[in-house]
>>> print(open('final-v3.txt').read())   # compact mmCIF, C-alpha atoms
# COMPACT_ATOMS: atom_id res chain seq x y z
CA MET A 1 -10.78 -1.39 37.25
CA GLU A 2 -12.93 -1.30 34.16
CA ARG A 3 -12.64 -3.74 31.27
CA VAL A 4 -13.76 -2.54 27.87
CA PRO A 5 -14.28 -5.30 25.31
CA LEU A 6 -13.01 -4.35 21.85
CA GLU A 7 -12.85 -7.41 19.57
CA ARG A 8 -11.39 -5.80 16.50
CA LYS A 9 -8.52 -6.62 14.22
CA VAL A 10 -5.21 -4.97 15.05
CA LEU A 11 -4.71 -4.19 11.37
CA SER A 12 -8.27 -2.92 10.96
CA GLU A 13 -7.08 0.27 9.23
CA ASN A 14 -5.07 -1.74 6.69
CA ASP A 15 -8.02 -4.08 6.26
CA ARG A 16 -10.36 -1.14 5.69
CA ILE A 17 -8.19 0.21 2.86
CA ALA A 18 -7.73 -3.30 1.46
CA GLY A 19 -11.51 -3.72 1.48
CA GLU A 20 -11.92 -0.50 -0.51
CA LEU A 21 -9.29 -1.65 -3.00
CA ARG A 22 -10.96 -5.06 -3.31
CA ALA A 23 -14.28 -3.35 -4.09
CA ARG A 24 -12.64 -1.15 -6.76
CA PHE A 25 -10.99 -4.19 -8.33
CA ALA A 26 -14.18 -6.27 -8.22
CA GLN A 27 -16.24 -3.49 -9.78
CA ARG A 28 -13.94 -3.53 -12.81
CA GLY A 29 -13.39 -7.28 -12.89
CA ILE A 30 -9.65 -6.95 -12.26
CA LEU A 31 -7.91 -10.11 -11.09
CA VAL A 32 -5.29 -9.14 -8.49
CA LEU A 33 -2.61 -11.58 -7.36
CA ASN A 34 -0.13 -11.03 -4.51
CA PHE A 35 3.15 -12.94 -5.00
CA ILE A 36 5.04 -13.76 -1.82
CA SER A 37 8.30 -15.68 -1.35
CA SER A 38 11.66 -15.51 0.32
CA PRO A 39 14.31 -13.37 -1.43
CA GLY A 40 15.78 -15.06 -4.48
CA SER A 41 13.18 -17.73 -5.13
CA GLY A 42 12.32 -16.23 -8.50
CA LYS A 43 9.26 -14.00 -8.17
CA THR A 44 10.64 -11.45 -10.60
CA ALA A 45 11.75 -14.14 -13.06
CA LEU A 46 8.27 -15.68 -12.92
CA LEU A 47 6.69 -12.31 -13.64
CA GLU A 48 9.15 -11.73 -16.50
CA ARG A 49 8.21 -15.05 -18.13
CA THR A 50 4.53 -14.30 -17.49
CA LEU A 51 4.64 -10.85 -19.09
CA GLU A 52 6.78 -12.12 -21.96
CA ALA A 53 4.08 -14.64 -22.92
CA PHE A 54 1.25 -12.07 -23.00
CA PRO A 55 0.23 -10.73 -26.40
CA LYS A 56 0.68 -7.01 -26.95
CA GLY A 57 -2.32 -5.11 -25.66
CA THR A 58 -2.96 -7.46 -22.73
CA ARG A 59 -4.54 -5.36 -20.00
CA VAL A 60 -1.99 -6.18 -17.31
CA ALA A 61 0.04 -4.04 -14.89
CA VAL A 62 2.61 -4.82 -12.21
CA LEU A 63 3.41 -3.29 -8.84
CA THR A 64 6.71 -4.53 -7.46
CA GLY A 65 7.88 -3.95 -3.90
CA ASP A 66 11.43 -3.80 -2.61
CA ILE A 67 13.12 -2.23 0.36
CA GLN A 68 15.57 -0.41 -1.91
CA THR A 69 16.31 0.00 -5.67
CA ASP A 70 14.04 -0.03 -8.70
CA ASN A 71 15.97 -2.90 -10.30
CA ASP A 72 12.93 -5.15 -10.48
CA ALA A 73 10.76 -2.50 -12.11
CA GLN A 74 13.47 -1.95 -14.71
CA ARG A 75 13.60 -5.69 -15.42
CA LEU A 76 9.83 -5.92 -15.72
CA ALA A 77 9.32 -2.73 -17.75
CA ARG A 78 11.07 -4.30 -20.75
CA TYR A 79 7.91 -6.16 -21.73
CA GLY A 80 5.97 -2.99 -22.55
CA PHE A 81 3.29 -3.17 -19.86
CA PRO A 82 2.81 -0.60 -17.07
CA VAL A 83 5.13 -1.37 -14.15
CA ARG A 84 5.69 0.62 -11.00
CA GLN A 85 8.25 0.10 -8.24
CA ILE A 86 7.16 0.59 -4.65
CA THR A 87 10.22 1.26 -2.52
CA THR A 88 9.33 0.63 1.10
CA ALA A 89 12.46 2.29 2.57
CA GLY A 90 12.92 -0.30 5.27
CA ALA A 91 9.49 -1.87 5.65
CA CYS A 92 9.65 -5.61 5.06
CA HIS A 93 6.24 -5.90 3.40
CA LEU A 94 3.73 -4.01 1.28
CA ASP A 95 0.58 -2.71 2.94
CA ALA A 96 -2.74 -1.64 1.48
CA ARG A 97 -1.93 2.06 1.61
CA MET A 98 1.21 1.51 -0.47
CA ILE A 99 -0.94 -0.23 -3.10
CA GLU A 100 -3.46 2.61 -3.03
CA ARG A 101 -0.64 5.12 -3.64
CA GLY A 102 1.05 2.86 -6.18
CA LEU A 103 -2.12 2.85 -8.28
CA GLU A 104 -2.47 6.64 -8.35
CA GLY A 105 -2.68 7.96 -11.87
CA TRP A 106 -3.41 4.57 -13.43
CA ASP A 107 -6.75 4.17 -15.17
CA LEU A 108 -8.07 0.98 -13.60
CA ASP A 109 -10.70 0.72 -16.33
CA GLN A 110 -7.83 -0.16 -18.68
CA LEU A 111 -6.81 -3.18 -16.62
CA ASP A 112 -8.04 -6.68 -16.06
CA LEU A 113 -4.99 -8.15 -14.36
CA LEU A 114 -2.78 -6.66 -11.64
CA LEU A 115 0.25 -8.59 -10.44
CA ILE A 116 1.76 -7.49 -7.14
CA GLU A 117 5.25 -8.67 -6.30
CA ASN A 118 5.65 -8.35 -2.55
CA VAL A 119 8.94 -7.71 -0.73
CA GLY A 120 10.98 -10.93 -0.51
CA ASN A 121 9.96 -12.23 2.90
CA LEU A 122 7.87 -15.22 3.99
CA VAL A 123 6.67 -13.75 7.28
CA CYS A 124 5.59 -10.12 7.33
CA PRO A 125 3.72 -9.81 3.99
CA THR A 126 1.42 -12.58 5.21
CA SER A 127 -0.34 -10.29 7.71
CA TYR A 128 -1.19 -7.49 5.28
CA ASP A 129 -4.23 -7.78 3.06
CA LEU A 130 -3.62 -5.83 -0.16
CA GLY A 131 -7.12 -6.30 -1.57
CA GLU A 132 -5.91 -9.19 -3.73
CA ARG A 133 -8.03 -12.06 -5.00
CA ALA A 134 -5.36 -14.61 -4.06
CA LYS A 135 -1.94 -14.90 -2.55
CA ILE A 136 0.56 -17.03 -4.44
CA VAL A 137 3.61 -18.37 -2.64
CA VAL A 138 6.74 -19.14 -4.64
CA LEU A 139 9.19 -21.71 -3.27
CA SER A 140 12.37 -22.78 -5.06
CA VAL A 141 14.29 -26.03 -4.96
CA THR A 142 17.42 -24.32 -3.63
CA GLU A 143 15.54 -23.77 -0.35
CA GLY A 144 14.51 -26.39 2.22
CA GLU A 145 11.57 -28.73 1.63
CA ASP A 146 10.32 -27.89 5.11
CA LYS A 147 9.81 -24.16 4.43
CA PRO A 148 6.02 -24.68 4.65
CA LEU A 149 6.43 -26.06 8.17
CA LYS A 150 8.79 -23.27 9.19
CA TYR A 151 6.62 -20.49 7.73
CA PRO A 152 3.14 -21.98 7.99
CA GLY A 153 1.31 -18.64 7.82
CA ILE A 154 1.88 -17.93 4.15
CA PHE A 155 1.49 -21.53 3.00
CA HIS A 156 -1.78 -21.64 4.91
CA LYS A 157 -3.09 -18.46 3.28
CA ALA A 158 -1.78 -18.96 -0.26
CA GLU A 159 -4.16 -20.43 -2.79
CA LEU A 160 -1.37 -21.65 -5.01
CA MET A 161 2.23 -22.71 -4.41
CA ILE A 162 4.61 -22.42 -7.33
CA LEU A 163 7.71 -24.59 -6.99
CA ASN A 164 10.36 -22.85 -9.09
CA LYS A 165 13.82 -23.78 -10.42
CA ILE A 166 12.89 -27.43 -11.03
CA ASP A 167 15.65 -27.53 -13.70
CA LEU A 168 18.06 -27.63 -10.74
CA LEU A 169 16.53 -30.75 -9.16
CA PRO A 170 19.28 -33.08 -10.45
CA TYR A 171 21.94 -30.94 -8.74
CA VAL A 172 20.40 -30.27 -5.32
CA PRO A 173 19.24 -32.61 -2.55
CA PHE A 174 15.71 -31.12 -2.64
CA LYS A 175 12.88 -33.69 -2.71
CA ALA A 176 9.83 -32.21 -4.44
CA GLU A 177 7.55 -34.90 -3.00
CA LEU A 178 8.59 -34.00 0.55
CA ALA A 179 7.97 -30.29 -0.13
CA ARG A 180 4.47 -31.14 -1.40
CA GLU A 181 3.86 -33.20 1.71
CA CYS A 182 4.97 -30.34 3.99
CA ALA A 183 2.76 -27.84 2.13
CA ASN A 184 -0.21 -30.19 2.37
CA ARG A 185 0.33 -30.66 6.07
CA VAL A 186 -0.07 -26.90 6.60
CA HIS A 187 -2.70 -26.40 3.90
CA PRO A 188 -4.45 -29.63 2.90
CA GLY A 189 -5.28 -29.60 -0.80
CA ILE A 190 -3.16 -26.54 -1.69
CA GLU A 191 -2.68 -26.29 -5.46
CA ILE A 192 0.96 -26.81 -6.44
CA LEU A 193 2.60 -26.13 -9.81
CA GLU A 194 6.18 -27.01 -10.68
CA VAL A 195 8.01 -24.66 -13.04
CA SER A 196 11.40 -23.56 -14.23
CA CYS A 197 11.61 -19.93 -15.27
CA THR A 198 14.99 -20.74 -16.87
CA THR A 199 13.94 -23.61 -19.15
CA GLY A 200 10.26 -22.71 -19.34
CA ALA A 201 9.17 -26.12 -18.04
CA GLY A 202 5.68 -26.04 -16.52
CA LEU A 203 5.01 -22.43 -17.49
CA ASP A 204 2.22 -23.52 -19.85
CA VAL A 205 0.36 -24.98 -16.87
CA TRP A 206 0.89 -21.75 -14.91
CA GLN A 207 -0.37 -19.68 -17.85
CA ALA A 208 -3.44 -21.91 -18.11
CA TRP A 209 -4.09 -21.42 -14.37
CA LEU A 210 -3.85 -17.67 -14.83
CA GLU A 211 -6.12 -17.67 -17.91
CA GLU A 212 -8.75 -19.65 -16.10
CA ARG A 213 -8.70 -17.19 -13.19
CA ARG A 214 -8.85 -14.21 -15.52
CA ARG A 215 -11.87 -15.62 -17.31
CA ALA A 216 -13.59 -16.19 -13.98
CA SER A 217 -13.12 -12.60 -12.76
CA MET B 1 10.51 -7.33 11.54
CA HIS B 2 7.02 -5.90 11.20
CA GLU B 3 6.24 -6.09 14.91
CA MET B 4 7.06 -2.36 15.20
CA GLY B 5 4.31 -1.62 12.68
CA ILE B 6 1.91 -3.97 14.47
CA ALA B 7 2.74 -2.32 17.81
CA SER B 8 2.04 1.12 16.29
CA SER B 9 -1.33 -0.10 15.00
CA VAL B 10 -2.19 -1.45 18.45
CA ILE B 11 -1.24 1.87 20.06
CA GLU B 12 -3.29 3.86 17.53
CA SER B 13 -6.40 1.80 18.32
CA VAL B 14 -5.80 1.94 22.08
CA LEU B 15 -5.37 5.72 22.04
CA ALA B 16 -8.54 6.13 20.00
CA GLU B 17 -10.50 4.02 22.47
CA ALA B 18 -8.88 5.66 25.52
CA ALA B 19 -9.90 9.09 24.21
CA ARG B 20 -13.51 8.01 24.78
CA HIS B 21 -12.79 7.48 28.49
CA PRO B 22 -11.36 10.77 29.72
CA GLY B 23 -9.46 10.58 32.99
CA ALA B 24 -8.94 6.82 32.76
CA ARG B 25 -5.50 5.26 32.56
CA VAL B 26 -5.00 2.16 30.42
CA THR B 27 -3.40 -0.61 32.48
CA LYS B 28 -3.78 -3.64 30.25
CA VAL B 29 -4.26 -4.30 26.53
CA GLY B 30 -5.70 -7.68 25.57
CA LEU B 31 -4.55 -9.22 22.30
CA ARG B 32 -5.29 -12.52 20.61
CA ILE B 33 -2.52 -13.79 18.35
CA GLY B 34 -2.78 -16.95 16.29
CA GLU B 35 0.18 -19.19 15.67
CA LEU B 36 -0.16 -18.53 11.92
CA ALA B 37 -0.33 -14.75 12.29
CA GLY B 38 3.40 -14.38 11.70
CA VAL B 39 3.85 -12.21 14.77
CA ASP B 40 6.52 -12.87 17.34
CA GLN B 41 5.05 -12.17 20.76
CA ALA B 42 8.32 -11.31 22.52
CA SER B 43 9.28 -8.95 19.74
CA LEU B 44 5.83 -7.32 19.74
CA THR B 45 6.02 -6.81 23.51
CA PHE B 46 9.49 -5.31 23.17
CA CYS B 47 8.31 -2.90 20.46
CA PHE B 48 5.17 -1.95 22.39
CA GLU B 49 7.16 -1.21 25.54
CA ALA B 50 9.66 0.87 23.58
CA LEU B 51 6.92 2.90 21.91
CA VAL B 52 4.85 3.64 25.05
CA LYS B 53 7.81 4.72 27.15
CA GLU B 54 7.18 8.20 28.58
CA THR B 55 3.71 8.40 27.04
CA GLU B 56 0.25 8.18 28.60
CA LEU B 57 0.31 4.43 27.89
CA GLU B 58 3.53 3.85 29.81
CA SER B 59 1.82 1.80 32.53
CA ALA B 60 -0.09 -0.40 30.07
CA ILE B 61 0.96 -4.01 29.71
CA LEU B 62 0.15 -6.40 26.89
CA ALA B 63 -1.82 -9.51 27.80
CA ILE B 64 -1.46 -11.90 24.88
CA GLU B 65 -3.75 -14.87 24.47
CA ASP B 66 -2.64 -17.62 22.06
CA ALA B 67 -4.93 -18.74 19.29
CA GLY B 68 -4.84 -21.47 16.71
CA CYS B 69 -5.07 -19.76 13.34
CA ASP B 70 -4.07 -16.36 11.93
CA GLU B 71 -5.92 -14.18 14.43
CA LEU B 72 -4.41 -10.79 15.20
CA ASP B 73 -7.08 -9.13 17.31
CA LEU B 74 -7.35 -6.44 19.90
CA THR B 75 -9.72 -8.02 22.42
CA TYR B 76 -10.10 -5.64 25.40
CA LEU B 77 -8.66 -2.75 27.39
CA GLU B 78 -8.45 -2.51 31.14
CA MET B 79 -8.54 0.99 32.60
CA GLU B 80 -8.35 2.62 35.98
CA GLU B 81 -9.89 5.93 36.95
>>> encode(input="final-v3.txt", output="structure tokens")
Amino acid sequence: MERVPLERKVLSENDRIAGELRARFAQRGILVLNFISSPGSGKTALLERTLEAFPKGTRVAVLTGDIQTDNDAQRLARYGFPVRQITTAGACHLDARMIERGLEGWDLDQLDLLLIENVGNLVCPTSYDLGERAKIVVLSVTEGEDKPLKYPGIFHKAELMILNKIDLLPYVPFKAELARECANRVHPGIEILEVSCTTGAGLDVWQAWLEERRRAS
Amino acid sequence: MHEMGIASSVIESVLAEAARHPGARVTKVGLRIGELAGVDQASLTFCFEALVKETELESAILAIEDAGCDELDLTYLEMEE
């Protein structure tokens, strides 16, 4: 019996492509953000509000992933910025190759912000590096406060947690403080913003976060 | 359910390595999986076994070592002449 040591990442091919993408983005100073959440927590709504607030001519584009339909791309295209749907046909996450293909034909020199909306899923997208600068996890108050404990991977890796639908807090048993505590247990010091994409509450703070990151890249 | 994709990636890497050892048969594949990797070990094993059935890797078993963070590494191969 012979044992051959390997010590390499299982997803090394994905990581290789993601590394190439990251280099292309860095070269052009493009800030790339990967939005991850469970289905229905409001990723698309957050992106709608975000695009809506940008002045015309903002150098932003969106890639949005879903298993089926281009509904999200249609919603997001209304704001006049380049949007492309990636339909994964069954796959529960985006991978780096899908991003590489999704960017084909776009002039990256015309961009300084790329928003990637991952497939609604708190588990699988966590494993796949897309070449992004940061992962952002969206949680909504109609879910459980203990989601960070149940799905620690993404809350551990995300740089920012956006707690959405806070306009519903008076009507649901969700305790925001407990959710913060759970997130901090998995990722001490994780940045947390509270927003409502329906009323607009907290979106100014989110936009300021985004502006600061854009200036830094 | 991305364990099928993970299993395919494992198999791709194993086949590439095995090709460098002609005549050897892979008997064990060492993996290190962190608790934050988002990979279910039972499901990964199921997918791996389904994919290697009736292939040159049929006799290979997965040996999974737990880890504390988000590791998802291929650590070693065991082969027999």
>>> residues_around(input="final-v3.txt", residues="Thr27 of chain B", least_positions_apart="5", cutoff="7 Å", atoms="only C-alpha atoms", output="list in words")
Ser59, Ala60, Ile61, Glu78, Met79 and Glu80 of chain B
>>> write_last_selection(input="final-v3.txt", atoms="C-alpha atoms", output="compact mmCIF listing (two decimals), in the frame of the given file")
# COMPACT_ATOMS: atom_id res chain seq x y z
CA SER B 59 1.82 1.80 32.53
CA ALA B 60 -0.09 -0.40 30.07
CA ILE B 61 0.96 -4.01 29.71
CA GLU B 78 -8.45 -2.51 31.14
CA MET B 79 -8.54 0.99 32.60
CA GLU B 80 -8.35 2.62 35.98
>>> interface_residues(input="final-v3.txt", of="chain A", to="chain B", cutoff="9 Å", atoms="only C-alpha atoms", output="ChimeraX atom specification")
/A:1-13,91-93,122-127,151-154,156-157
>>> atom_distance(input="final-v3.txt", atom1="atom CA of Arg214 of chain A", atom2="atom CA of Ile30 of chain A")
8.0 Å
>>> residues_around(input="final-v3.txt", residues="Val83 of chain A", least_positions_apart="4", cutoff="6 Å", atoms="all atoms listed in the file", output="JSON, numbers by chain")
{"A": [61, 62, 63, 77]}
>>> write_last_selection(input="final-v3.txt", atoms="C-alpha atoms", output="CSV table (one decimal), keeping the file's coordinate frame")
chain,number,residue,atom,x,y,z
A,61,ALA,CA,0.0,-4.0,-14.9
A,62,VAL,CA,2.6,-4.8,-12.2
A,63,LEU,CA,3.4,-3.3,-8.8
A,77,ALA,CA,9.3,-2.7,-17.8
>>> atom_distance(input="final-v3.txt", atom1="atom CA of Val60 of chain A", atom2="atom CA of Glu117 of chain A")
13.4 Å
>>> atom_distance(input="final-v3.txt", atom1="atom CA of Gly29 of chain A", atom2="atom CA of Ala216 of chain A")
9.0 Å
